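See structure below.
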Amino acid sequence: MSRRRVPAGAWITGLLVGALAVVLVLSVQARRDIPNALTGGASPTPSAKAPHSSAPEPPRYEVPAGSGSGRRVVYSVGQKRVWLVGADGKSLRTFGVWPGTVTPAKGAYSVTFRRETGVGSDGVEIENAVYFGTSSAFSNAVDGSSPSPSPGLRTGAVRERAADGKAMWDFATKGTTVQVVG
């Protein structure tokens, strides 16, 4: 019986493949252990942060000062933001909006009319329309869009996302105060 010698190149290749496999296994294991090292062995929670996290805190949107009192809708033209404010003066919900080309003057208005569905002054199919003042309304587009109105089009539409439009509809019944601020 003769013995065949394995070429040196095959040995080197075999050892290299084996070493790479070991490194791969160890790196996968190390990656699994990182959360345990950061949390002292406990499973990480959604609120757990890595030490020295540089992630900024989310912005806080306080109800604007001088926006009235009691239960109301506050619309900040400058911030492009709406607050639904409870009777205690605390924000129940706040959200960004897309204003139309006609800006309502600062002041207090009342919800004068509501329309569940229809077509907005820009030709877009809308729902949850809440009208205040003489030519302004909060609404959301049925298709979810937030298009910028054509420059020559005069519209007092203030568009919201669908979930925000539903919240506005549920909150702002006829007669509800809408306070417009800068």
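Chain labels follow the order of the structure tokens: the first chain is A, the next B, and so on; residue numbering restarts at 1 in every chain, and ligands are counted from 1 in their shown order.
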Please provide the set of residues having any atom within 7 Å of stretch 112-129 of chain A, restricted to only C-alpha atoms, with same-chain residues fewer than 6 positions apart removed, written as a VMD selection string.
chain A and resid 137 to 142 149 155 165 to 166 169 174 to 175
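Atom CA of A:Tyr75 to atom CA of A:Gln179 spans 6.1 Å [interatomic distance, one decimal].
Our summary of the geometry notes that atom CA of A:Asp164 is positioned 10.4 Å from atom CA of A:Trp83.
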Backbone-only DSSP, strand (DSSP E or B) members of stretch 72-164 of chain A, as a VMD selection string
chain A and resid 72 to 76 81 to 85 91 to 96 98 to 99 107 to 119 125 to 132 136 to 141 157 to 159
Restricting the calculation to only C-alpha atoms, which member of A:Ser146, A:Thr134, A:Thr177, A:Ser91 is positioned closest to A:Ala108?
A:Thr177
